[in-house]
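Shown below: work_34.txt, with compact mmCIF, C-alpha atoms and all ligand atoms.
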```
# COMPACT_ATOMS: atom_id res chain seq x y z
CA VAL A 1 -7.06 -17.87 -4.87
CA ALA A 2 -4.45 -20.12 -6.36
CA ASP A 3 -3.59 -17.93 -9.31
CA VAL A 4 -2.84 -14.59 -7.69
CA ARG A 5 0.21 -13.17 -9.41
CA TYR A 6 2.63 -10.64 -7.90
CA SER A 7 4.30 -7.98 -10.00
CA GLU A 8 6.70 -5.14 -9.33
CA GLU A 9 5.94 -3.53 -12.68
CA VAL A 10 4.17 -0.16 -12.67
CA ARG A 11 3.84 0.05 -16.45
CA ASP A 12 0.95 -2.43 -16.61
CA VAL A 13 -1.25 -0.47 -14.24
CA ASP A 14 -4.43 1.29 -15.38
CA TRP A 15 -4.43 4.11 -12.81
CA VAL A 16 -7.98 5.30 -13.57
CA ARG A 17 -9.28 1.81 -12.97
CA LEU A 18 -7.17 1.35 -9.84
CA LYS A 19 -8.50 4.60 -8.41
CA GLU A 20 -12.07 3.40 -9.02
CA VAL A 21 -11.39 0.06 -7.35
CA LEU A 22 -9.73 1.73 -4.34
CA ALA A 23 -12.61 4.18 -3.97
CA ALA A 24 -15.19 1.39 -4.20
CA ASP A 25 -13.23 -0.53 -1.54
CA ARG A 26 -13.08 2.60 0.68
CA PHE A 27 -9.30 2.85 0.51
CA ASP A 28 -9.06 6.13 -1.35
CA ASN A 29 -7.08 8.94 0.25
CA GLY A 30 -7.82 11.54 -2.38
CA ARG A 31 -5.13 11.13 -5.01
CA THR A 32 -6.16 11.57 -8.61
CA PRO A 33 -5.21 8.71 -10.94
CA ASP A 34 -2.20 10.76 -12.04
CA GLU A 35 -1.14 11.40 -8.44
CA LEU A 36 -1.54 7.70 -7.69
CA ARG A 37 0.71 6.86 -10.63
CA ARG A 38 3.34 9.42 -9.60
CA SER A 39 3.41 8.19 -6.00
CA PHE A 40 3.94 4.58 -7.07
CA GLU A 41 6.44 5.44 -9.79
CA ALA A 42 8.51 7.48 -7.34
CA SER A 43 8.56 4.69 -4.75
CA ARG A 44 11.73 2.61 -4.61
CA PHE A 45 9.86 -0.70 -4.42
CA VAL A 46 6.27 -1.51 -5.31
CA VAL A 47 4.23 -4.68 -5.49
CA PHE A 48 0.86 -5.35 -7.06
CA ALA A 49 -1.25 -8.48 -6.61
CA TRP A 50 -3.16 -9.42 -9.75
CA ASP A 51 -6.09 -11.77 -10.30
CA GLY A 52 -6.22 -12.03 -14.06
CA ASP A 53 -6.30 -8.45 -15.38
CA ARG A 54 -7.52 -7.05 -12.08
CA ILE A 55 -5.35 -5.50 -9.39
CA ILE A 56 -6.49 -6.86 -6.04
CA GLY A 57 -3.61 -5.67 -3.84
CA THR A 58 -0.95 -3.00 -3.59
CA ALA A 59 1.98 -2.08 -1.37
CA ARG A 60 4.93 0.24 -1.78
CA LEU A 61 8.09 1.21 0.06
CA LEU A 62 9.99 4.46 0.19
CA THR A 63 13.64 4.11 1.16
CA ASP A 64 17.07 5.71 1.03
CA GLY A 65 18.53 2.28 0.31
CA VAL A 66 20.76 2.48 3.36
CA CYS A 67 18.97 2.53 6.66
CA ASN A 68 15.45 3.95 6.59
CA ALA A 69 12.27 2.87 4.84
CA TYR A 70 8.58 3.68 4.98
CA LEU A 71 5.81 1.25 4.10
CA VAL A 72 2.72 2.74 2.42
CA ASP A 73 -0.49 1.85 0.58
CA VAL A 74 -0.74 -1.70 1.90
CA TRP A 75 -4.15 -2.80 0.67
CA THR A 76 -5.91 -6.01 -0.32
CA LEU A 77 -9.31 -5.83 -2.07
CA SER A 78 -11.92 -6.76 0.54
CA PRO A 79 -13.15 -10.09 -0.92
CA TYR A 80 -9.53 -11.27 -1.20
CA ARG A 81 -8.52 -10.59 2.39
CA ARG A 82 -7.36 -13.27 4.86
CA ARG A 83 -5.65 -15.33 2.18
CA TRP A 84 -2.07 -14.23 2.93
CA ILE A 85 -1.97 -11.78 0.04
CA GLY A 86 -1.20 -8.81 2.31
CA ARG A 87 1.55 -10.72 4.04
CA ALA A 88 3.04 -11.85 0.73
CA MET A 89 3.18 -8.27 -0.56
CA VAL A 90 4.78 -6.86 2.59
CA GLU A 91 7.30 -9.71 2.80
CA ARG A 92 8.36 -9.04 -0.78
CA LEU A 93 9.04 -5.42 0.04
CA LEU A 94 10.83 -6.17 3.33
CA ALA A 95 13.10 -8.63 1.53
CA ARG A 96 14.42 -5.66 -0.47
CA VAL A 97 15.61 -3.72 2.57
CA PRO A 98 17.66 -5.92 4.91
CA GLY A 99 19.17 -3.92 7.75
CA HIS A 100 16.75 -1.03 7.37
CA HIS A 101 14.47 0.46 10.00
CA VAL A 102 11.00 0.26 8.43
CA VAL A 103 8.19 2.42 9.76
CA LEU A 104 4.53 2.71 8.92
CA PHE A 105 1.36 4.39 10.08
CA THR A 106 -1.83 2.46 10.61
CA GLU A 107 -5.04 3.27 12.43
CA ARG A 108 -6.18 -0.34 12.42
CA GLU A 109 -4.77 -3.69 11.31
CA ALA A 110 -2.13 -3.52 14.05
CA HIS A 111 -2.24 -7.30 14.50
CA PHE A 112 -1.50 -7.86 10.80
CA TYR A 113 1.75 -5.91 11.19
CA GLU A 114 2.61 -7.45 14.57
CA GLU A 115 2.48 -10.85 12.92
CA LEU A 116 5.06 -9.55 10.46
CA GLY A 117 7.33 -8.51 13.35
CA PHE A 118 6.42 -4.83 13.66
CA ARG A 119 6.12 -3.34 17.14
CA GLU A 120 4.23 -0.25 18.12
CA GLU A 121 6.41 2.72 19.05
CA ARG A 122 5.09 5.70 20.92
CA VAL A 123 7.83 8.07 19.89
CA GLY A 124 6.63 8.97 16.42
CA MET A 125 5.66 12.43 15.25
CA SER A 126 4.24 13.55 11.93
CA LYS A 127 3.01 16.61 10.12
CA VAL A 128 1.37 17.48 6.84
CA VAL A 129 3.22 20.36 5.23
CA GLY A 130 0.48 22.81 4.29
CA THR A 131 -2.62 20.82 3.34
CA TRP A 132 -2.92 17.17 2.25
CA LEU A 133 -2.19 16.93 -1.49
CA ASN A 134 -2.10 20.74 -1.60
CA ARG A 135 -5.88 20.77 -1.73
CA PRO A 136 -7.85 23.72 -0.36
CA PRO A 137 -8.41 23.15 3.37
CA GLU A 138 -12.19 23.54 3.20
CA GLY A 139 -14.72 22.69 0.54
CA GLY A 140 -12.28 20.75 -1.61
CA SER A 141 -13.28 17.52 -3.28
CA ALA A 142 -13.43 14.57 -0.92
CA GLY A 143 -11.47 12.77 -3.56
CA GLY A 144 -13.93 10.01 -4.37
C1 LIG B 201 -4.37 -4.99 6.23
C2 LIG B 201 -4.64 -5.74 4.93
C3 LIG B 201 -3.72 -5.18 3.86
C4 LIG B 201 -4.34 -7.22 5.15
O1 LIG B 201 -4.49 -7.87 3.88
P1 LIG B 201 -4.75 -9.42 3.76
O2 LIG B 201 -4.48 -9.78 2.36
O3 LIG B 201 -6.06 -9.78 4.35
O4 LIG B 201 -3.58 -9.96 4.72
P2 LIG B 201 -3.27 -11.47 5.15
O5 LIG B 201 -4.25 -12.41 4.56
O6 LIG B 201 -1.83 -11.70 4.90
O7 LIG B 201 -3.46 -11.40 6.73
C5 LIG B 201 -4.64 -10.81 7.29
C6 LIG B 201 -5.17 -11.69 8.41
O8 LIG B 201 -5.72 -12.87 7.84
C7 LIG B 201 -5.18 -14.01 8.52
N1 LIG B 201 -5.19 -15.07 7.52
C8 LIG B 201 -4.54 -15.07 6.35
N2 LIG B 201 -4.82 -16.19 5.68
C9 LIG B 201 -5.68 -16.91 6.44
C10 LIG B 201 -6.33 -18.15 6.28
N3 LIG B 201 -6.15 -18.89 5.18
N4 LIG B 201 -7.16 -18.56 7.26
C11 LIG B 201 -7.34 -17.82 8.36
N5 LIG B 201 -6.74 -16.63 8.57
C12 LIG B 201 -5.93 -16.19 7.63
C13 LIG B 201 -3.83 -13.56 8.95
O9 LIG B 201 -3.35 -14.31 10.05
C14 LIG B 201 -4.11 -12.13 9.36
O10 LIG B 201 -4.69 -12.10 10.64
P3 LIG B 201 -4.42 -10.85 11.61
O11 LIG B 201 -4.86 -9.60 10.92
O12 LIG B 201 -5.23 -11.16 12.82
O13 LIG B 201 -2.96 -10.86 11.85
C15 LIG B 201 -6.12 -5.63 4.52
O14 LIG B 201 -6.93 -5.99 5.61
C16 LIG B 201 -6.52 -4.26 4.03
O15 LIG B 201 -6.35 -3.94 2.86
N6 LIG B 201 -7.09 -3.43 4.93
C17 LIG B 201 -7.57 -2.12 4.56
C18 LIG B 201 -6.44 -1.21 4.28
C19 LIG B 201 -5.60 -0.98 5.49
O16 LIG B 201 -6.11 -0.71 6.56
N7 LIG B 201 -4.27 -1.13 5.32
C20 LIG B 201 -3.35 -0.99 6.40
C21 LIG B 201 -3.12 0.42 6.79
S1 LIG B 201 -2.04 1.26 5.68
```
Structure rendered as structure tokens:
Amino acid sequence: VADVRYSEEVRDVDWVRLKEVLAADRFDNGRTPDELRRSFEASRFVVFAWDGDRIIGTARLLTDGVCNAYLVDVWTLSPYRRRWIGRAMVERLLARVPGHHVVLFTEREAHFYEELGFREERVGMSKVVGTWLNRPPEGGSAGG
């Protein structure tokens, strides 16, 4: 796709539409459109890949701007994968945080991150405070 455009601008995003696209591409972790917007707006650096008026990739980075950063929501729309779009988005974010220790969680796609220089560490721990997105633990909406 020669004309994929990258943007760091959150104002252009239609969050309802993005939520629908993410859900259809099975990359929906339950946020409402408003929660999606808030999570991107509160991130220090974001990048969107656009094909025309369609978002076909996202990535965002949380950071203190000094030493630590956390890479989240790295996603390329399925038909657009394996065209270096994911790499381009992550490289844009990493360029913003020289000297930082950048961490991420991934259940799959380990090779994609290894190619970008990440190495698996077995010392991580994590916890959800209460329930994910403060939703009721049982019987809540699956978020789709
Ligand atoms: C992980 C993900 C973001 C990668 O996006 P992408 O746009 O396909 O990324 P790239 O094209 O830069 O690289 C993906 C692979 O395609 C390969 N590739 C890229 N362009 C290529 C080309 N022209 N020809 C052949 N291979 C190519 C890369 O080498 C890479 O291979 P690897 O995974 O074996 O390392 C995407 O697969 C995705 O959205 N997955 C679902 C969401 C997810 O799991 N995200 C990560 C967890 S948070």
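Neighbouring residues of ligand LIG 201 (chain B) at a cut-off of 6 Å, counting all atoms listed in the file, are Val72, Asp73, Val74, Trp75, Thr76, Arg81, Arg82, Arg83, Trp84, Ile85, Gly86, Arg87, Thr106, Arg108, Glu109, His111, Phe112 and Glu115 of chain A.
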Item to check | Residue contacts of region 23-25 of chain A (12 Å, only C-alpha atoms) excluding same-chain residues fewer than 5 positions away, as a VMD selection string | outcome: chain A and resid 16 to 18 30 to 33 56 to 57 75 to 81 142 to 144
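In this model, the gap between CA of Met125 (chain A) and CA of Glu35 (chain A) comes to 24.7 Å.
Here CA of Trp15 (chain A) is placed at a distance of 6.2 Å from CA of Arg37 (chain A).
For the atom pair formed by CA of Gly130 (chain A) and CA of Leu36 (chain A), the distance is 19.4 Å, given to one decimal.
Considering the residues A:Leu71, A:Leu116, A:Val21, A:Val103 and counting all atoms listed in the file, Ser43 (chain A) has its shortest atom-to-atom contact with A:Leu71.
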Next on the checklist: Report as a PyMOL selection string all protein, DNA and RNA residues lying within 9 Å of Gly52 (chain A), evaluated on all atoms listed in the file, omitting residues in the same chain fewer than 5 positions from it.
Outcome noted: chain A and resi 3-5
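Minimum distance to Phe27 (chain A) across A:Ala110, A:Gly117, A:Thr58, A:Pro137 (counting only C-alpha atoms) occurs at A:Thr58.
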Item to check | Residues within 12 Å of (11.0, -4.1, -0.7), file coords, only C-alpha atoms, listed as number ranges by chain | outcome: A: 8, 43-47, 59-65, 68-72, 88-100, 102
Residues of the last selection are to be written out with C-alpha atoms, as a PDB file, keeping the file's coordinate frame.
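Listed below is the output, part26.pdb:
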```pdb
ATOM      1  CA  GLU A   8       6.700  -5.140  -9.330  1.00  0.00           C
ATOM      2  CA  SER A  43       8.560   4.690  -4.750  1.00  0.00           C
ATOM      3  CA  ARG A  44      11.730   2.610  -4.610  1.00  0.00           C
ATOM      4  CA  PHE A  45       9.860  -0.700  -4.420  1.00  0.00           C
ATOM      5  CA  VAL A  46       6.270  -1.510  -5.310  1.00  0.00           C
ATOM      6  CA  VAL A  47       4.230  -4.680  -5.490  1.00  0.00           C
ATOM      7  CA  ALA A  59       1.980  -2.080  -1.370  1.00  0.00           C
ATOM      8  CA  ARG A  60       4.930   0.240  -1.780  1.00  0.00           C
ATOM      9  CA  LEU A  61       8.090   1.210   0.060  1.00  0.00           C
ATOM     10  CA  LEU A  62       9.990   4.460   0.190  1.00  0.00           C
ATOM     11  CA  THR A  63      13.640   4.110   1.160  1.00  0.00           C
ATOM     12  CA  ASP A  64      17.070   5.710   1.030  1.00  0.00           C
ATOM     13  CA  GLY A  65      18.530   2.280   0.310  1.00  0.00           C
ATOM     14  CA  ASN A  68      15.450   3.950   6.590  1.00  0.00           C
ATOM     15  CA  ALA A  69      12.270   2.870   4.840  1.00  0.00           C
ATOM     16  CA  TYR A  70       8.580   3.680   4.980  1.00  0.00           C
ATOM     17  CA  LEU A  71       5.810   1.250   4.100  1.00  0.00           C
ATOM     18  CA  VAL A  72       2.720   2.740   2.420  1.00  0.00           C
ATOM     19  CA  ALA A  88       3.040 -11.850   0.730  1.00  0.00           C
ATOM     20  CA  MET A  89       3.180  -8.270  -0.560  1.00  0.00           C
ATOM     21  CA  VAL A  90       4.780  -6.860   2.590  1.00  0.00           C
ATOM     22  CA  GLU A  91       7.300  -9.710   2.800  1.00  0.00           C
ATOM     23  CA  ARG A  92       8.360  -9.040  -0.780  1.00  0.00           C
ATOM     24  CA  LEU A  93       9.040  -5.420   0.040  1.00  0.00           C
ATOM     25  CA  LEU A  94      10.830  -6.170   3.330  1.00  0.00           C
ATOM     26  CA  ALA A  95      13.100  -8.630   1.530  1.00  0.00           C
ATOM     27  CA  ARG A  96      14.420  -5.660  -0.470  1.00  0.00           C
ATOM     28  CA  VAL A  97      15.610  -3.720   2.570  1.00  0.00           C
ATOM     29  CA  PRO A  98      17.660  -5.920   4.910  1.00  0.00           C
ATOM     30  CA  GLY A  99      19.170  -3.920   7.750  1.00  0.00           C
ATOM     31  CA  HIS A 100      16.750  -1.030   7.370  1.00  0.00           C
ATOM     32  CA  VAL A 102      11.000   0.260   8.430  1.00  0.00           C
TER      33      VAL A 102
END
```
Next on the checklist: I want to know what sits within 8 Å of Ser7 (chain A), based on only C-alpha atoms, with residues of the same chain fewer than 4 positions away left out; could you give that as a PyMOL selection string?
Outcome noted: chain A and resi 47-50
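Take the candidates A:Arg11, A:Lys127, A:Arg135, A:His101 and check each one against Phe40 (chain A) using all atoms listed in the file; the shortest distance goes to A:Arg11.
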